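Trainee: One file is attached below, start-v7.txt, containing compact mmCIF, C-alpha atoms and all ligand atoms.
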# COMPACT_ATOMS: atom_id res chain seq x y z
CA MET V 22 0.00 0.00 0.00
CA SER V 23 1.40 3.34 -1.00
CA ILE V 24 1.70 6.32 1.32
CA GLU V 25 -0.80 8.13 -0.92
CA THR V 26 -3.44 5.45 -0.26
CA LEU V 27 -2.73 5.53 3.46
CA VAL V 28 -3.08 9.31 3.69
CA TYR V 29 -6.28 9.33 1.63
CA ALA V 30 -7.77 6.53 3.77
CA LEU V 31 -6.96 8.64 6.85
CA ILE V 32 -8.72 11.64 5.28
CA GLY V 33 -11.69 9.35 4.51
CA TRP V 34 -11.78 8.22 8.13
CA LEU V 35 -11.79 11.84 9.38
CA VAL V 36 -14.60 12.62 6.94
CA GLY V 37 -16.45 9.57 8.32
CA VAL V 38 -16.10 10.92 11.87
CA PHE V 39 -17.47 14.26 10.65
CA ILE V 40 -20.40 12.57 8.84
CA ASN V 41 -21.32 10.76 12.07
CA HIS V 42 -21.19 14.02 14.00
CA ALA V 43 -23.37 15.76 11.38
CA ALA V 44 -25.84 12.84 11.41
CA ASP V 45 -26.03 13.04 15.22
CA THR V 46 -26.51 16.82 15.44
CA LEU V 47 -28.27 18.14 12.32
CA PRO V 48 -31.58 16.21 12.66
CA ARG V 49 -31.86 17.62 16.21
CA ARG V 50 -31.51 21.15 14.78
CA VAL V 51 -28.39 21.92 16.78
CA THR V 52 -25.24 23.34 15.27
CA LEU V 53 -22.27 21.30 14.15
CA GLY V 54 -20.19 23.19 16.73
CA GLU V 55 -21.77 21.28 19.60
CA ARG V 56 -19.55 18.73 21.36
CA PRO V 57 -20.39 15.10 20.55
CA ARG V 58 -22.91 13.83 23.10
CA CYS V 59 -24.66 10.61 23.99
CA PRO V 60 -28.01 10.65 22.14
CA ALA V 61 -29.73 8.91 25.07
CA CYS V 62 -28.72 11.02 28.07
CA GLY V 63 -26.83 14.01 26.63
CA THR V 64 -23.57 13.39 28.50
CA PRO V 65 -20.64 14.82 26.49
CA ARG V 66 -18.43 12.11 25.04
CA ALA V 67 -14.79 11.71 26.02
CA PRO V 68 -12.51 12.86 23.17
CA ALA V 69 -11.38 9.24 22.72
CA ALA V 70 -14.98 8.36 21.90
CA TRP V 71 -15.51 11.11 19.30
CA SER V 72 -14.50 8.49 16.78
CA ALA V 73 -16.48 5.27 17.21
CA VAL V 74 -13.60 3.15 15.89
CA VAL V 75 -11.14 4.72 18.35
CA GLY V 76 -13.81 4.47 21.08
CA TYR V 77 -14.25 0.74 20.56
CA LEU V 78 -10.51 0.07 20.17
CA SER V 79 -9.60 2.04 23.31
CA GLY V 80 -12.35 0.51 25.45
CA ARG V 81 -14.30 3.77 25.70
CA ARG V 82 -17.37 2.53 23.91
CA ALA V 83 -19.87 2.97 26.76
CA CYS V 84 -21.38 6.35 27.66
CA LEU V 85 -20.07 7.62 31.02
CA GLY V 86 -23.57 8.76 31.99
CA CYS V 87 -25.89 5.91 31.04
CA GLY V 88 -23.66 3.14 29.71
CA MET V 89 -25.17 3.14 26.24
CA PRO V 90 -22.60 1.88 23.73
CA LEU V 91 -21.51 4.01 20.76
CA PRO V 92 -23.84 3.35 17.84
CA LEU V 93 -22.76 0.62 15.44
CA ARG V 94 -23.74 2.92 12.59
CA SER V 95 -20.83 5.20 13.49
CA VAL V 96 -18.41 2.29 13.17
CA VAL V 97 -19.91 1.28 9.80
CA VAL V 98 -19.61 4.87 8.45
CA GLU V 99 -16.01 5.21 9.69
CA VAL V 100 -15.11 2.01 7.82
CA ILE V 101 -17.13 2.54 4.63
CA VAL V 102 -16.04 6.14 3.91
CA PRO V 103 -12.28 5.41 3.80
CA ALA V 104 -13.01 2.31 1.68
CA ILE V 105 -14.92 4.41 -0.85
CA PHE V 106 -12.27 7.15 -0.77
CA VAL V 107 -9.50 4.63 -1.50
CA GLY V 108 -11.59 3.04 -4.28
CA LEU V 109 -12.05 6.47 -5.86
CA LEU V 110 -8.33 7.28 -5.47
CA TRP V 111 -7.36 4.06 -7.26
CA ARG V 112 -9.82 4.83 -10.05
CA TYR V 113 -9.10 8.51 -10.64
CA GLY V 114 -5.68 9.23 -9.13
CA LEU V 115 -4.96 12.50 -7.31
CA SER V 116 -7.01 15.13 -9.12
CA VAL V 117 -9.66 17.80 -8.65
CA HIS V 118 -12.14 15.25 -10.01
CA LEU V 119 -11.21 12.86 -7.19
CA GLY V 120 -11.82 15.56 -4.56
CA LEU V 121 -15.17 16.39 -6.11
CA LEU V 122 -16.41 12.80 -6.24
CA SER V 123 -15.15 12.15 -2.71
CA LEU V 124 -17.18 15.12 -1.45
CA TYR V 125 -20.26 13.96 -3.37
CA SER V 126 -19.89 10.46 -1.90
CA ALA V 127 -19.60 11.84 1.64
CA ILE V 128 -22.80 13.86 1.11
CA LEU V 129 -24.61 10.76 -0.24
CA ILE V 130 -23.62 8.76 2.85
CA LEU V 131 -24.78 11.50 5.24
CA ILE V 132 -28.14 11.63 3.40
CA THR V 133 -28.49 7.83 3.62
CA VAL V 134 -27.90 7.86 7.38
CA THR V 135 -30.38 10.66 8.18
CA ASP V 136 -32.98 9.18 5.84
CA LEU V 137 -32.71 5.69 7.34
CA GLU V 138 -32.66 6.93 10.94
CA HIS V 139 -35.08 9.87 10.81
CA HIS V 140 -36.80 9.62 7.40
CA LEU V 141 -35.31 13.05 6.74
CA VAL V 142 -33.47 14.51 3.78
CA LEU V 143 -32.32 17.76 5.36
CA ASN V 144 -32.37 21.10 3.55
CA VAL V 145 -29.38 22.21 5.59
CA VAL V 146 -27.48 19.41 3.79
CA MET V 147 -29.15 19.55 0.37
CA MET V 148 -28.89 23.29 -0.32
CA PRO V 149 -25.07 23.51 0.10
CA ALA V 150 -24.78 20.15 -1.71
CA ILE V 151 -26.68 21.46 -4.75
CA LEU V 152 -24.61 24.67 -4.76
CA LEU V 153 -21.40 22.63 -4.57
CA ALA V 154 -22.52 20.40 -7.44
CA MET V 155 -23.31 23.50 -9.55
CA VAL V 156 -19.80 24.87 -8.99
CA GLY V 157 -18.42 21.35 -9.50
CA ALA V 158 -19.99 21.32 -12.99
CA PHE V 159 -16.96 23.27 -14.20
CA PHE V 160 -14.42 20.83 -12.72
CA ASN V 161 -16.00 17.51 -13.71
CA ASP V 162 -13.75 15.45 -16.02
CA ASP V 163 -16.55 13.02 -16.97
CA LEU V 164 -19.31 15.51 -17.75
CA SER V 165 -19.54 18.83 -19.60
CA TYR V 166 -21.17 21.62 -17.58
CA GLN V 167 -24.12 21.59 -20.00
CA ARG V 168 -24.77 17.91 -19.26
CA VAL V 169 -24.47 18.59 -15.51
CA PHE V 170 -27.08 21.38 -15.53
CA LEU V 171 -29.44 19.52 -17.87
CA GLY V 172 -29.10 16.47 -15.59
CA GLY V 173 -29.96 18.61 -12.55
CA ALA V 174 -33.02 20.01 -14.32
CA ALA V 175 -34.12 16.52 -15.42
CA GLY V 176 -33.65 15.19 -11.88
CA PHE V 177 -35.67 18.06 -10.42
CA VAL V 178 -38.54 17.70 -12.93
CA SER V 179 -38.70 13.87 -12.62
CA LEU V 180 -38.74 13.86 -8.83
CA TYR V 181 -41.10 16.83 -8.61
CA GLY V 182 -43.52 14.89 -10.83
CA MET V 183 -43.25 11.87 -8.54
CA PHE V 184 -43.71 14.15 -5.52
CA LEU V 185 -46.95 15.57 -7.01
CA LEU V 186 -48.16 12.06 -7.86
CA ALA V 187 -47.40 10.72 -4.38
CA GLN V 188 -50.22 12.67 -2.68
CA PRO V 189 -53.19 11.36 -4.75
CA VAL V 190 -51.67 7.87 -5.02
CA SER V 191 -51.23 7.68 -1.27
CA ALA V 192 -54.81 8.95 -0.75
CA LEU V 193 -56.07 6.27 -3.14
CA LEU V 194 -54.05 3.55 -1.40
CA SER V 195 -55.39 4.60 1.99
CA ARG V 196 -58.95 4.35 0.64
CA LEU V 197 -58.26 0.95 -0.94
CA SER V 198 -56.65 -0.47 2.17
CA GLY V 199 -59.37 1.06 4.36
CA ARG V 200 -56.99 2.69 6.78
CA GLU V 201 -55.05 5.86 7.17
CA VAL V 202 -51.70 5.90 5.38
CA SER V 203 -50.07 8.53 7.52
CA GLU V 204 -46.69 8.69 5.87
CA VAL V 205 -46.36 9.84 2.29
CA PRO V 206 -43.51 7.81 0.78
CA PHE V 207 -42.25 10.75 -1.20
CA GLY V 208 -41.30 14.01 0.49
CA PHE V 209 -39.92 17.25 -0.88
CA GLY V 210 -36.53 16.19 0.43
CA ASP V 211 -36.53 13.55 -2.28
CA VAL V 212 -36.99 16.32 -4.88
CA THR V 213 -33.89 18.18 -3.68
CA LEU V 214 -32.03 14.85 -3.55
CA GLY V 215 -33.15 14.08 -7.12
CA THR V 216 -31.80 17.46 -8.23
CA PHE V 217 -28.44 16.78 -6.58
CA ILE V 218 -28.26 13.33 -8.17
CA GLY V 219 -29.08 14.85 -11.57
CA LEU V 220 -26.20 17.29 -11.12
CA ILE V 221 -23.67 14.59 -10.22
CA THR V 222 -24.73 12.08 -12.91
CA GLY V 223 -25.60 14.51 -15.74
CA LEU V 224 -27.76 13.92 -18.76
CA PRO V 225 -28.58 11.19 -19.76
CA GLY V 226 -26.97 9.39 -16.78
CA VAL V 227 -29.66 10.74 -14.42
CA PHE V 228 -32.32 8.64 -16.18
CA PHE V 229 -30.24 5.49 -15.68
CA ALA V 230 -29.79 6.50 -12.03
CA LEU V 231 -33.59 6.78 -11.66
CA LEU V 232 -34.04 3.42 -13.38
CA ILE V 233 -31.61 1.79 -10.91
CA THR V 234 -33.53 3.53 -8.09
CA LEU V 235 -36.91 2.18 -9.22
CA LEU V 236 -35.59 -1.36 -9.84
CA SER V 237 -33.72 -1.56 -6.54
CA ALA V 238 -36.61 0.02 -4.58
CA GLY V 239 -39.01 -2.49 -6.18
CA LEU V 240 -36.67 -5.32 -5.27
CA GLY V 241 -36.28 -3.92 -1.75
CA ALA V 242 -40.07 -3.61 -1.34
CA ALA V 243 -40.59 -7.18 -2.61
CA LEU V 244 -37.97 -8.47 -0.20
CA PHE V 245 -39.54 -6.51 2.67
CA TRP V 246 -42.99 -7.86 1.76
CA PHE V 247 -41.61 -11.41 1.56
CA VAL V 248 -39.96 -11.18 4.98
CA ARG V 249 -43.09 -9.69 6.59
CA ALA V 250 -45.71 -11.86 4.90
CA VAL V 251 -43.97 -15.20 4.42
CA ILE V 252 -41.49 -15.36 7.27
CA GLN V 253 -43.13 -13.21 9.97
CA ARG V 254 -46.68 -13.89 8.71
CA ARG V 255 -47.62 -10.24 9.12
CA TYR V 256 -49.27 -9.19 5.91
CA THR V 257 -49.30 -5.49 5.10
CA LEU V 258 -49.95 -4.45 1.55
CA PHE V 259 -49.05 -0.78 1.57
CA THR V 260 -45.98 0.02 3.54
CA PRO V 261 -44.15 3.14 2.40
CA ILE V 262 -40.44 2.63 2.01
CA PRO V 263 -37.94 5.49 2.15
CA TYR V 264 -36.72 6.20 -1.38
CA GLY V 265 -33.64 8.18 -0.31
CA PRO V 266 -31.22 5.24 0.04
CA PHE V 267 -32.30 3.86 -3.35
CA LEU V 268 -31.85 7.26 -4.99
CA VAL V 269 -28.40 7.39 -3.41
CA LEU V 270 -27.59 3.93 -4.78
CA GLY V 271 -28.63 4.87 -8.33
CA GLY V 272 -26.82 8.20 -8.08
CA PHE V 273 -23.58 6.70 -6.78
CA VAL V 274 -23.47 3.90 -9.38
CA MET V 275 -24.04 6.34 -12.26
CA MET V 276 -21.69 8.97 -10.83
CA VAL V 277 -18.81 6.49 -10.82
CA TYR V 278 -19.66 3.97 -13.56
CA GLY V 279 -21.83 6.25 -15.74
CA PRO V 280 -19.30 6.57 -18.58
CA GLU V 281 -18.90 2.76 -18.91
CA ILE V 282 -22.63 2.04 -18.54
CA LEU V 283 -23.57 4.64 -21.17
CA GLN V 284 -20.89 3.35 -23.54
CA TRP V 285 -22.09 -0.22 -23.06
CA TYR V 286 -25.69 0.87 -23.60
CA ILE V 287 -24.90 2.76 -26.81
CA ALA V 288 -22.84 -0.20 -28.11
CA GLY V 289 -25.82 -2.47 -27.43
CA MET V 290 -28.17 -0.11 -29.30
CA THR V 291 -26.15 0.01 -32.53
ZN ZN K 1 -25.63 8.28 27.78
Produce C-alpha cells that represent the structure in this file.
Mentor:
Amino acid sequence: MSIETLVYALIGWLVGVFINHAADTLPRRVTLGERPRCPACGTPRAPAAWSAVVGYLSGRRACLGCGMPLPLRSVVVEVIVPAIFVGLLWRYGLSVHLGLLSLYSAILILITVTDLEHHLVLNVVMMPAILLAMVGAFFNDDLSYQRVFLGGAAGFVSLYGMFLLAQPVSALLSRLSGREVSEVPFGFGDVTLGTFIGLITGLPGVFFALLITLLSAGLGAALFWFVRAVIQRRYTLFTPIPYGPFLVLGGFVMMVYGPEILQWYIAGMT
C-alpha cells in the first residue's frame, strides 16, 4: 500500500467521523459546533470516543452517563467512507475530479444515514450540496457543464412529478386499504435529492440512475414484503419505504460507472 493510499484513507476516516457528527446533530436542529454527546442522556463524550472506531478500540465505547454503547452505525460509516475514498483514489488518481467525487460520496452517505434513521433529507445538507454540485460542474472530467445542468433540471422535474403524484396515489391507497396511510412515501426532500443526483450524474446518466432507483426500490419492497408476509406472517400491503437510500444507490453507481454504462448501452443499441 502506497503512502498516498494511506493518507487518503486517513482523510476518509476523518470525513467519516465528521459525517457521524453531522448525522447526530443536524436532525436535532443543533449546530455542528456542539460537542459530541450521547443521544440517550446528553452526556458529552470523552474525546477518545468522538470516533467510534477509536472508542471501541480504546475501550471507551460505553457512555459515562448511562452506559449506552456508541452506535454501530458510526463504526460502519467510519469504515465505509475510507473504503470508498480509497476506491475512488485508485480509479481517478490524485485530481480535482477525485476531490469532487469524494465530497459527493460523503454527502450521499450523510443523506443515507439521516434518511434511514429519521426519514429526513435535510435542507441544511441539500442546499449547500446542490450549490457545490453546480460549482463542480466546471471541474468535472466526466461531464460537460451543460450535461451537468441539464441532468440537474431533469432530476428536479422527474422527482417533482413523482412528488406531485405521491399525494393522490397515497390517498387512493389509503382508501383501498381502508386505513389511514399517515406517511407519504415521497417528500420534498426527495426532490432536492433528485436534483443533486441529476447534477452529479448529468444527462442522460440521471435517467439510468432513476431506473436503478426504481428497480432496486421495487426489489427492496418485494424483499420486505416477503420477509413480513412469508417469514413473519404479518401481511401489510401498503408500507411506504424510504426512497432516499435507493436514490443514493442509483446516483452513486451512475456517478462512478456512468461513462462505462452509457458506452455499453450505446454499443448495445447500434
Ligand atoms: Zn448516555
Trainee: Give me, as a tab-separated table, the closest atom pair and its distance (Å, one decimal) for every residue of chain V within a cut-off of 9 Å of ligand ZN 1 (chain K), counting only C-alpha atoms and all ligand atoms, rows sorted by chain and rising number.
Mentor:
residue	atom	partner	partner_atom	distance
V:Arg58	CA	K:ZN1	ZN	7.8
V:Cys59	CA	K:ZN1	ZN	4.6
V:Pro60	CA	K:ZN1	ZN	6.6
V:Ala61	CA	K:ZN1	ZN	5.0
V:Cys62	CA	K:ZN1	ZN	4.1
V:Gly63	CA	K:ZN1	ZN	6.0
V:Thr64	CA	K:ZN1	ZN	5.6
V:Pro65	CA	K:ZN1	ZN	8.3
V:Arg66	CA	K:ZN1	ZN	8.6
V:Ala83	CA	K:ZN1	ZN	7.9
V:Cys84	CA	K:ZN1	ZN	4.7
V:Leu85	CA	K:ZN1	ZN	6.5
V:Gly86	CA	K:ZN1	ZN	4.7
V:Cys87	CA	K:ZN1	ZN	4.0
V:Gly88	CA	K:ZN1	ZN	5.8
V:Met89	CA	K:ZN1	ZN	5.4
V:Pro90	CA	K:ZN1	ZN	8.2
Trainee: Neighbourhood query: residues within 10 Å of (-15.5, 15.0, -9.2), file coordinates, counting all atoms listed in the file; return as a ChimeraX atom specification.
Mentor: /V:109,113,116-126,154,157-164,221,276-277
Trainee: Determine, counting only C-alpha atoms, which protein, DNA and RNA residues have an atom within 7 Å of an atom of segment 25-33 of chain V; residues of the same chain fewer than 6 positions away are not included. Present the result as a ChimeraX atom specification.
Mentor: /V:102-103,106-107
Trainee: Nearest to Pro149 of chain V among V:Tyr77, V:Phe217, V:Trp71, V:Tyr264, with distances taken over all atoms listed in the file: which residue is it?
Mentor: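 Looking at the shortest contact to Pro149 of chain V, the residue is V:Phe217.
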Trainee: Distance atom CA of Phe170 of chain V-atom CA of Met290 of chain V, one decimal place?
Mentor: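 A separation of 25.5 Å between them.
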Trainee: Tell me, in Å to one decimal, how far atom CA of Ile40 of chain V is from atom CA of Leu235 of chain V.
Mentor: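 Taking atom CA of Ile40 of chain V and atom CA of Leu235 of chain V, their separation equals 26.6 Å.
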Trainee: Between atom CA of Ile262 of chain V and atom CA of Phe209 of chain V, what distance in Å does the model show, to one decimal?
Mentor: 14.9 Å
Trainee: Can you write out as a tab-separated table which residues of segment 92-113 of chain V fall within 10 Å of segment 134-144 of chain V, alongside each residue's closest atom pair and its distance in Å to one decimal, counting all atoms listed in the file and ordering rows by chain and ascending residue number?
Mentor:
residue	atom	partner	partner_atom	distance
V:Arg94	CA	V:Val134	CA	8.3
V:Ser95	CA	V:Val134	CA	9.7
V:Val98	CA	V:Val134	CA	8.9
Trainee: I want to know what sits within 7 Å of Ser237 of chain V, based on all atoms listed in the file, with residues of the same chain fewer than 4 positions away left out; could you give that as a ChimeraX atom specification?
Mentor: /V:233,241,267
Trainee: Using only C-alpha atoms, can you tell me which of V:Val100, V:Val169, V:Ala175, V:Leu270 comes closest to Val156 of chain V?
Mentor: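 Of V:Val100, V:Val169, V:Ala175, V:Leu270, the one nearest Val156 of chain V is V:Val169, counting only C-alpha atoms.
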Trainee: Please identify all polymer residues within 8 Å of Gly215 of chain V, counting all atoms listed in the file, omitting same-chain residues fewer than 4 positions from it, and present them as a ChimeraX atom specification.
Mentor: /V:173,176-177,179-180,211,219,268
Trainee: Looking at only C-alpha atoms, which of V:Trp285, V:Gly172, V:Phe207, V:Val227 is the one that sits closest to Pro189 of chain V?
Mentor: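 Using only C-alpha atoms, Pro189 of chain V sits closest to V:Phe207.
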Trainee: Choose the residue, out of V:Trp34, V:Phe39, V:Trp246, V:Phe228, that has the smallest atom-to-atom separation from Ile101 of chain V; count only C-alpha atoms.
Mentor: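 Using only C-alpha atoms, the shortest distance to Ile101 of chain V belongs to V:Trp34.
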